[in-house]
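Structure data follow from run.txt (compact mmCIF, C-alpha atoms):
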# COMPACT_ATOMS: atom_id res chain seq x y z
CA MET G 1 -93.64 -66.78 -279.00
CA LYS G 2 -92.62 -63.28 -280.04
CA LYS G 3 -96.24 -62.38 -280.75
CA LEU G 4 -97.39 -63.66 -277.36
CA PHE G 5 -94.74 -61.77 -275.35
CA PRO G 6 -96.31 -58.25 -275.39
CA ALA G 7 -99.61 -59.52 -274.01
CA PHE G 8 -97.84 -61.59 -271.37
CA ALA G 9 -95.63 -58.67 -270.42
CA LYS G 10 -98.61 -56.36 -269.99
CA CYS G 11 -100.34 -58.86 -267.71
CA PHE G 12 -97.18 -59.40 -265.72
CA PHE G 13 -96.50 -55.71 -265.13
CA VAL G 14 -100.13 -54.97 -264.25
CA PHE G 15 -100.13 -57.87 -261.76
CA THR G 16 -96.79 -56.81 -260.28
CA GLY G 17 -97.87 -53.20 -259.99
CA CYS G 18 -101.07 -54.15 -258.20
CA LEU G 19 -99.18 -56.47 -255.86
CA LEU G 20 -96.73 -53.77 -254.86
CA PHE G 21 -99.50 -51.19 -254.51
CA PHE G 22 -101.39 -53.32 -252.04
CA SER G 23 -98.26 -54.70 -250.31
CA PRO G 24 -95.73 -51.83 -250.12
CA LYS G 25 -93.52 -53.69 -247.65
CA LEU G 26 -92.71 -56.23 -250.36
CA LEU G 27 -90.55 -53.51 -251.91
CA ALA G 28 -88.30 -53.62 -248.87
CA GLN G 29 -88.04 -57.40 -248.52
CA PRO G 30 -84.57 -58.66 -249.54
CA SER G 31 -84.18 -61.67 -251.77
CA ILE G 32 -83.27 -64.58 -249.53
CA ARG G 33 -82.08 -66.57 -252.55
CA ASP G 34 -79.67 -63.76 -253.52
CA VAL G 35 -78.09 -63.94 -250.09
CA VAL G 36 -77.80 -67.66 -249.56
CA GLY G 37 -77.42 -68.94 -253.10
CA ALA G 38 -79.12 -72.32 -253.50
CA SER G 39 -80.43 -72.43 -249.93
CA ILE G 40 -84.16 -71.90 -249.57
CA PHE G 41 -85.41 -70.12 -246.47
CA LYS G 42 -89.02 -70.20 -245.32
CA LEU G 43 -90.61 -67.38 -243.36
CA VAL G 44 -91.51 -68.82 -239.93
CA TRP G 45 -92.42 -65.64 -238.04
CA ALA G 46 -92.73 -61.93 -238.72
CA ASP G 47 -94.08 -58.78 -237.18
CA GLU G 48 -94.82 -56.20 -239.88
CA PHE G 49 -96.18 -53.72 -237.31
CA ASN G 50 -99.30 -53.13 -239.41
CA GLN G 51 -101.65 -53.57 -236.45
CA PRO G 52 -102.78 -50.51 -234.43
CA VAL G 53 -101.09 -51.69 -231.22
CA ILE G 54 -98.00 -53.71 -230.36
CA ASP G 55 -98.61 -57.46 -230.33
CA THR G 56 -98.09 -58.56 -226.74
CA THR G 57 -98.42 -62.22 -227.73
CA ALA G 58 -94.97 -61.77 -229.28
CA TRP G 59 -93.36 -58.91 -227.32
CA ASN G 60 -92.55 -58.19 -223.68
CA PHE G 61 -91.69 -54.77 -222.26
CA GLU G 62 -88.82 -54.64 -219.80
CA THR G 63 -88.89 -51.90 -217.20
CA GLY G 64 -86.34 -50.26 -214.97
CA GLY G 65 -83.56 -47.72 -214.78
CA GLN G 66 -80.72 -49.48 -213.03
CA GLY G 67 -78.15 -48.96 -215.80
CA TRP G 68 -78.64 -52.41 -217.39
CA GLY G 69 -75.03 -53.41 -216.77
CA ASN G 70 -73.69 -50.55 -218.89
CA HIS G 71 -74.43 -47.46 -216.74
CA GLU G 72 -77.15 -46.42 -219.16
CA GLN G 73 -79.11 -43.32 -218.20
CA GLU G 74 -82.61 -44.18 -219.43
CA TYR G 75 -85.56 -45.67 -217.61
CA TYR G 76 -87.25 -48.30 -219.79
CA GLN G 77 -91.04 -48.25 -219.83
CA ARG G 78 -93.93 -49.44 -222.01
CA ASP G 79 -95.15 -45.93 -222.85
CA ASN G 80 -92.21 -45.11 -225.13
CA ALA G 81 -93.09 -47.76 -227.74
CA SER G 82 -95.88 -47.29 -230.27
CA ILE G 83 -97.04 -48.10 -233.79
CA GLU G 84 -96.91 -45.28 -236.34
CA ASP G 85 -97.59 -45.68 -240.07
CA GLY G 86 -96.68 -49.35 -240.13
CA ASN G 87 -93.55 -48.96 -238.01
CA LEU G 88 -92.68 -49.84 -234.47
CA VAL G 89 -91.38 -46.59 -232.98
CA ILE G 90 -89.22 -46.49 -229.87
CA THR G 91 -88.93 -42.93 -228.59
CA ALA G 92 -86.26 -41.66 -226.22
CA ARG G 93 -87.39 -38.63 -224.24
CA LYS G 94 -85.97 -36.19 -221.75
CA GLN G 95 -88.31 -37.21 -218.95
CA GLN G 96 -87.64 -37.73 -215.27
CA ALA G 97 -88.43 -41.22 -213.99
CA GLY G 98 -87.14 -41.68 -210.47
CA SER G 99 -83.44 -40.90 -210.59
CA ASN G 100 -83.29 -41.27 -214.39
CA LYS G 101 -83.33 -38.17 -216.60
CA TYR G 102 -84.48 -40.01 -219.73
CA THR G 103 -87.06 -42.63 -220.72
CA SER G 104 -87.14 -45.15 -223.56
CA SER G 105 -88.32 -48.70 -224.32
CA ARG G 106 -86.74 -52.14 -224.41
CA MET G 107 -88.73 -55.00 -225.97
CA THR G 108 -88.04 -58.74 -226.08
CA THR G 109 -89.63 -61.90 -227.44
CA GLU G 110 -88.38 -63.94 -224.46
CA GLY G 111 -90.63 -66.92 -223.71
CA LYS G 112 -92.84 -66.11 -226.71
CA LYS G 113 -90.77 -66.26 -229.89
CA GLU G 114 -87.43 -68.06 -229.60
CA PHE G 115 -85.32 -69.44 -232.43
CA LEU G 116 -82.42 -71.79 -233.11
CA TYR G 117 -80.69 -70.97 -236.42
CA GLY G 118 -82.12 -69.11 -239.39
CA ARG G 119 -82.03 -65.69 -240.96
CA ILE G 120 -83.14 -62.99 -238.53
CA GLU G 121 -83.64 -59.54 -239.99
CA ALA G 122 -85.20 -56.14 -239.36
CA ARG G 123 -85.56 -53.01 -241.46
CA ILE G 124 -84.60 -50.08 -239.24
CA LYS G 125 -84.03 -46.32 -239.39
CA MET G 126 -82.11 -44.92 -236.44
CA PRO G 127 -81.69 -41.58 -234.72
CA VAL G 128 -78.14 -40.23 -234.85
CA GLY G 129 -76.88 -38.18 -231.93
CA GLN G 130 -74.39 -38.04 -229.11
CA GLY G 131 -75.33 -40.53 -226.41
CA PHE G 132 -77.76 -42.51 -228.58
CA TRP G 133 -77.41 -46.30 -228.61
CA PRO G 134 -80.12 -48.18 -230.59
CA ALA G 135 -79.79 -51.94 -230.94
CA PHE G 136 -81.30 -55.05 -232.55
CA TRP G 137 -79.92 -58.16 -230.88
CA MET G 138 -80.48 -61.60 -229.35
CA LEU G 139 -79.85 -63.37 -226.04
CA GLY G 140 -79.80 -67.05 -225.17
CA ALA G 141 -83.19 -68.21 -223.92
CA ASN G 142 -81.52 -69.86 -220.92
CA ILE G 143 -80.14 -66.57 -219.56
CA LYS G 144 -82.18 -66.79 -216.36
CA THR G 145 -80.58 -70.11 -215.46
CA VAL G 146 -76.99 -69.72 -216.68
CA ASP G 147 -76.68 -65.89 -216.60
CA TRP G 148 -74.69 -63.75 -219.02
CA PRO G 149 -72.33 -64.25 -220.86
CA ALA G 150 -72.84 -68.03 -220.60
CA SER G 151 -76.19 -67.51 -222.32
CA GLY G 152 -74.48 -66.03 -225.35
CA GLU G 153 -75.34 -62.77 -227.08
CA ILE G 154 -75.68 -61.97 -230.80
CA ASP G 155 -75.65 -58.25 -231.58
CA ILE G 156 -77.19 -58.10 -235.04
CA MET G 157 -76.94 -54.32 -235.15
CA GLU G 158 -75.71 -51.62 -232.79
CA HIS G 159 -75.00 -47.98 -233.47
CA ILE G 160 -73.64 -45.26 -231.20
CA ASN G 161 -73.43 -41.47 -231.30
CA THR G 162 -72.97 -39.66 -234.61
CA ASP G 163 -70.63 -41.94 -236.53
CA SER G 164 -71.48 -44.03 -239.60
CA LEU G 165 -70.34 -47.42 -238.32
CA ILE G 166 -72.69 -50.35 -237.84
CA TYR G 167 -71.44 -52.90 -235.29
CA GLY G 168 -72.08 -56.65 -235.38
CA THR G 169 -70.73 -58.59 -232.40
CA LEU G 170 -70.77 -62.01 -230.77
CA HIS G 171 -70.42 -62.43 -226.97
CA TRP G 172 -69.80 -65.72 -225.17
CA ASP G 173 -68.18 -67.30 -222.12
CA ASP G 174 -64.76 -68.95 -222.33
CA ASN G 175 -63.47 -68.80 -218.75
CA GLY G 176 -64.76 -65.24 -218.76
CA HIS G 177 -66.45 -62.80 -221.14
CA VAL G 178 -65.16 -62.97 -224.72
CA PHE G 179 -66.42 -60.94 -227.67
CA LYS G 180 -65.54 -60.49 -231.31
CA GLY G 181 -67.11 -58.69 -234.24
CA ASP G 182 -66.67 -56.18 -237.03
CA THR G 183 -68.11 -52.96 -238.43
CA LEU G 184 -69.43 -51.60 -241.70
CA LEU G 185 -69.77 -48.01 -242.89
CA SER G 186 -73.39 -47.15 -243.57
CA THR G 187 -76.03 -44.42 -243.34
CA PRO G 188 -77.88 -45.28 -240.12
CA ALA G 189 -80.32 -42.36 -240.38
CA GLN G 190 -81.81 -44.07 -243.45
CA TYR G 191 -83.67 -47.37 -243.59
CA HIS G 192 -81.51 -50.48 -243.98
CA VAL G 193 -82.07 -54.20 -243.52
CA TYR G 194 -79.88 -55.60 -240.74
CA SER G 195 -79.61 -59.37 -240.56
CA ILE G 196 -77.72 -62.47 -239.55
CA GLU G 197 -77.67 -65.90 -241.14
CA TRP G 198 -77.04 -68.49 -238.46
CA ASP G 199 -76.54 -72.23 -238.82
CA ALA G 200 -74.66 -74.99 -237.01
CA SER G 201 -71.32 -73.87 -238.41
CA SER G 202 -71.33 -70.08 -238.50
CA ILE G 203 -73.09 -66.75 -238.04
CA LYS G 204 -72.86 -64.18 -240.82
CA TRP G 205 -73.71 -60.48 -240.50
CA TYR G 206 -75.29 -58.40 -243.26
CA VAL G 207 -76.41 -54.86 -244.00
CA ASP G 208 -78.70 -54.81 -247.04
CA ASN G 209 -77.40 -58.24 -248.05
CA THR G 210 -73.76 -57.11 -247.90
CA GLU G 211 -71.89 -59.58 -245.71
CA TYR G 212 -69.31 -57.92 -243.47
CA TYR G 213 -68.50 -60.46 -240.77
CA LYS G 214 -68.55 -64.23 -240.28
CA ALA G 215 -68.02 -66.06 -236.98
CA ASP G 216 -67.12 -69.75 -236.78
CA ILE G 217 -69.20 -71.40 -234.02
CA THR G 218 -68.05 -75.00 -234.47
CA ASP G 219 -65.56 -75.03 -231.59
CA GLY G 220 -66.70 -76.25 -228.19
CA ALA G 221 -66.14 -72.87 -226.54
CA LYS G 222 -69.15 -71.49 -228.42
CA SER G 223 -71.73 -74.07 -227.38
CA GLU G 224 -74.05 -71.18 -226.42
CA PHE G 225 -74.88 -70.67 -230.08
CA HIS G 226 -76.47 -74.06 -230.57
CA LYS G 227 -79.44 -73.31 -228.34
CA PRO G 228 -82.54 -71.12 -228.82
CA PHE G 229 -82.30 -67.32 -228.60
CA PHE G 230 -84.87 -64.54 -228.30
CA ILE G 231 -84.95 -61.12 -229.99
CA LEU G 232 -84.49 -57.69 -228.41
CA LEU G 233 -85.07 -54.15 -229.67
CA ASN G 234 -84.09 -51.17 -227.55
CA PHE G 235 -82.90 -47.57 -227.64
CA ALA G 236 -80.47 -46.80 -224.83
CA VAL G 237 -79.44 -43.29 -223.81
CA GLY G 238 -75.89 -42.85 -222.55
CA GLY G 239 -73.72 -45.63 -221.19
CA ASP G 240 -70.19 -46.92 -220.93
CA TRP G 241 -69.82 -47.33 -224.69
CA PRO G 242 -71.38 -44.15 -226.17
CA GLY G 243 -70.34 -42.09 -223.14
CA GLN G 244 -72.48 -40.18 -220.68
CA LYS G 245 -72.79 -36.94 -222.64
CA VAL G 246 -76.23 -36.76 -224.28
CA ASP G 247 -77.28 -34.22 -226.91
CA GLU G 248 -80.60 -33.25 -225.35
CA SER G 249 -81.36 -30.85 -228.20
CA LEU G 250 -82.21 -33.91 -230.34
CA LEU G 251 -84.75 -35.29 -227.87
CA PRO G 252 -87.30 -36.68 -228.31
CA ALA G 253 -85.60 -39.04 -230.78
CA LYS G 254 -87.19 -42.00 -232.56
CA MET G 255 -85.98 -45.42 -233.69
CA TYR G 256 -88.17 -46.79 -236.50
CA VAL G 257 -88.56 -50.54 -237.12
CA ASP G 258 -90.44 -51.35 -240.31
CA TYR G 259 -90.53 -55.09 -239.65
CA VAL G 260 -88.83 -58.04 -237.96
CA ARG G 261 -88.72 -61.33 -239.88
CA VAL G 262 -87.35 -64.78 -239.13
CA TYR G 263 -86.64 -67.38 -241.82
CA GLN G 264 -85.41 -70.93 -241.41
CA GLN G 265 -84.08 -73.39 -243.94
CA GLN G 266 -86.54 -75.93 -245.24

Please re-express this file's structure in structure tokens.
Amino acid sequence: MKKLFPAFAKCFFVFTGCLLFFSPKLLAQPSIRDVVGASIFKLVWADEFNQPVIDTTAWNFETGGQGWGNHEQEYYQRDNASIEDGNLVITARKQQAGSNKYTSSRMTTEGKKEFLYGRIEARIKMPVGQGFWPAFWMLGANIKTVDWPASGEIDIMEHINTDSLIYGTLHWDDNGHVFKGDTLLSTPAQYHVYSIEWDASSIKWYVDNTEYYKADITDGAKSEFHKPFFILLNFAVGGDWPGQKVDESLLPAKMYVDYVRVYQQQ
């Protein structure tokens, strides 16, 4: 066996090197087994953003500048989302659109890609600046019939302004809006993998496979989280949470999404 090992090792490293050369995004893919121990997750849907244009069989573009319930200042439009070098890029610009001083994009998989349970993740690099509010999140697919917050909301990742905190939050209805979550110090201007692992008992939040929050969803008040959800990606400018002051010297600013992947247990 000792004599066979060098030849085997050479073949293995040559094969691995070729695989990574032709599939660079494999370098960024976290080990699902490392995160969930003995559980085995199967990839059920992904957008690697390798195509020249955004896949409209998976994504919708929401439009409008009415504040989106948070007194945001941007006008969302299709033109601010593009594919660049294998990334989805959402660009916030100083651009007048009606009464809005800024433009950006908000994308959803509503009605096209909806999921109940699983590991939902994205590799993202965010702009950091006063008034910036990028997010990767989910809403209940029944939102148009039950409204928010009865639909439920899972904020996989939110970041505001210039701080280093990543926010993961759960929103639901219990005789009114209730929310709970936690934060983790990180480096949002660099690429990180933001994810949740969601099953019938809990939702766990991760940054690069580091768990920082777990929510119990077994009580009856959280029935929202046992129904399908869709994915959202957006880059808001200003709002109740980040404040209305915007550092315009940093515009245009770009949010980069390397991929979005969804796994479910076999």

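Shortest separation to G:Arg93 among G:Ser249, G:Asn70, G:Thr187, G:Thr63 occurs at residue G:Ser249, atoms counted being only C-alpha atoms.
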
> Do you know which residues are at most 7 Å from G:Phe41 counting all atoms listed in the file, after dropping those on the same chain fewer than 4 positions away, and could you put them as an MDAnalysis selection string?
Replying inline: chainID G and resid 32 263:266

> Could you name the residues that touch G:Asp79 at 12 Å or less, counting all atoms listed in the file, but leaving out those on the same chain fewer than 2 positions away, as a PyMOL selection string?
Replying inline: chain G and resi 53-54+61-63+75-77+81-83+89-93+95+103-107

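Computed from the coordinates, the atom CA of G:Trp241 to atom CA of G:Gly64 distance equals 19.4 Å.
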
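Note that the spacing between atom CA of G:Met138 and atom CA of G:Ile154 amounts to 5.0 Å.
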
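Here atom CA of G:Met157 and atom CA of G:Lys204 stand 12.1 Å from one another.
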
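The residue that comes closest to G:Tyr194, out of G:Tyr102, G:Trp59, G:Phe230, G:Trp137 and on the basis of all atoms listed in the file, is G:Trp137.
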
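Comparing the minimum interatomic distances between G:Asn161 and each of G:Asn87, G:Ser223, G:Thr108, G:Gln244, counting all atoms listed in the file, we find that G:Gln244 sits nearest.
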
> stretch 124-128 of chain G: which residues within 6 Å, counting all atoms listed in the file, same-chain residues fewer than 2 positions away excluded, as a VMD selection string?
Replying inline: chain G and resid 162 188 to 192 254 to 257

> Leaving out G:Ile231 and any residue of its chain fewer than 5 positions from it, which residues lie within 12 Å of it when counting all atoms listed in the file, given as a ChimeraX atom specification?
Replying inline: /G:45-47,58-60,106-116,120-122,135-141,153-157,195,260-262

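Of the listed residues (G:Arg119, G:Ala97, G:Glu248, G:Gly65), G:Arg119 comes nearest to G:Asn209; the distances count all atoms listed in the file.
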
> List as a PyMOL selection string: which residues have an atom within 9 Å of (-76.2, -57.0, -245.2), counting only C-alpha atoms?
Replying inline: chain G and resi 35+192-196+205-212

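Taking only C-alpha atoms, the non-local environment of G:Lys245 within 8 Å (same-chain residues fewer than 4 positions away omitted) comprises Gln130, Gly131 and Gly238 of chain G.
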
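Take the candidates G:Gly86, G:Gly98, G:Gly118, G:Gly69 and check each one against G:His226 using all atoms listed in the file; the shortest distance goes to G:Gly118.
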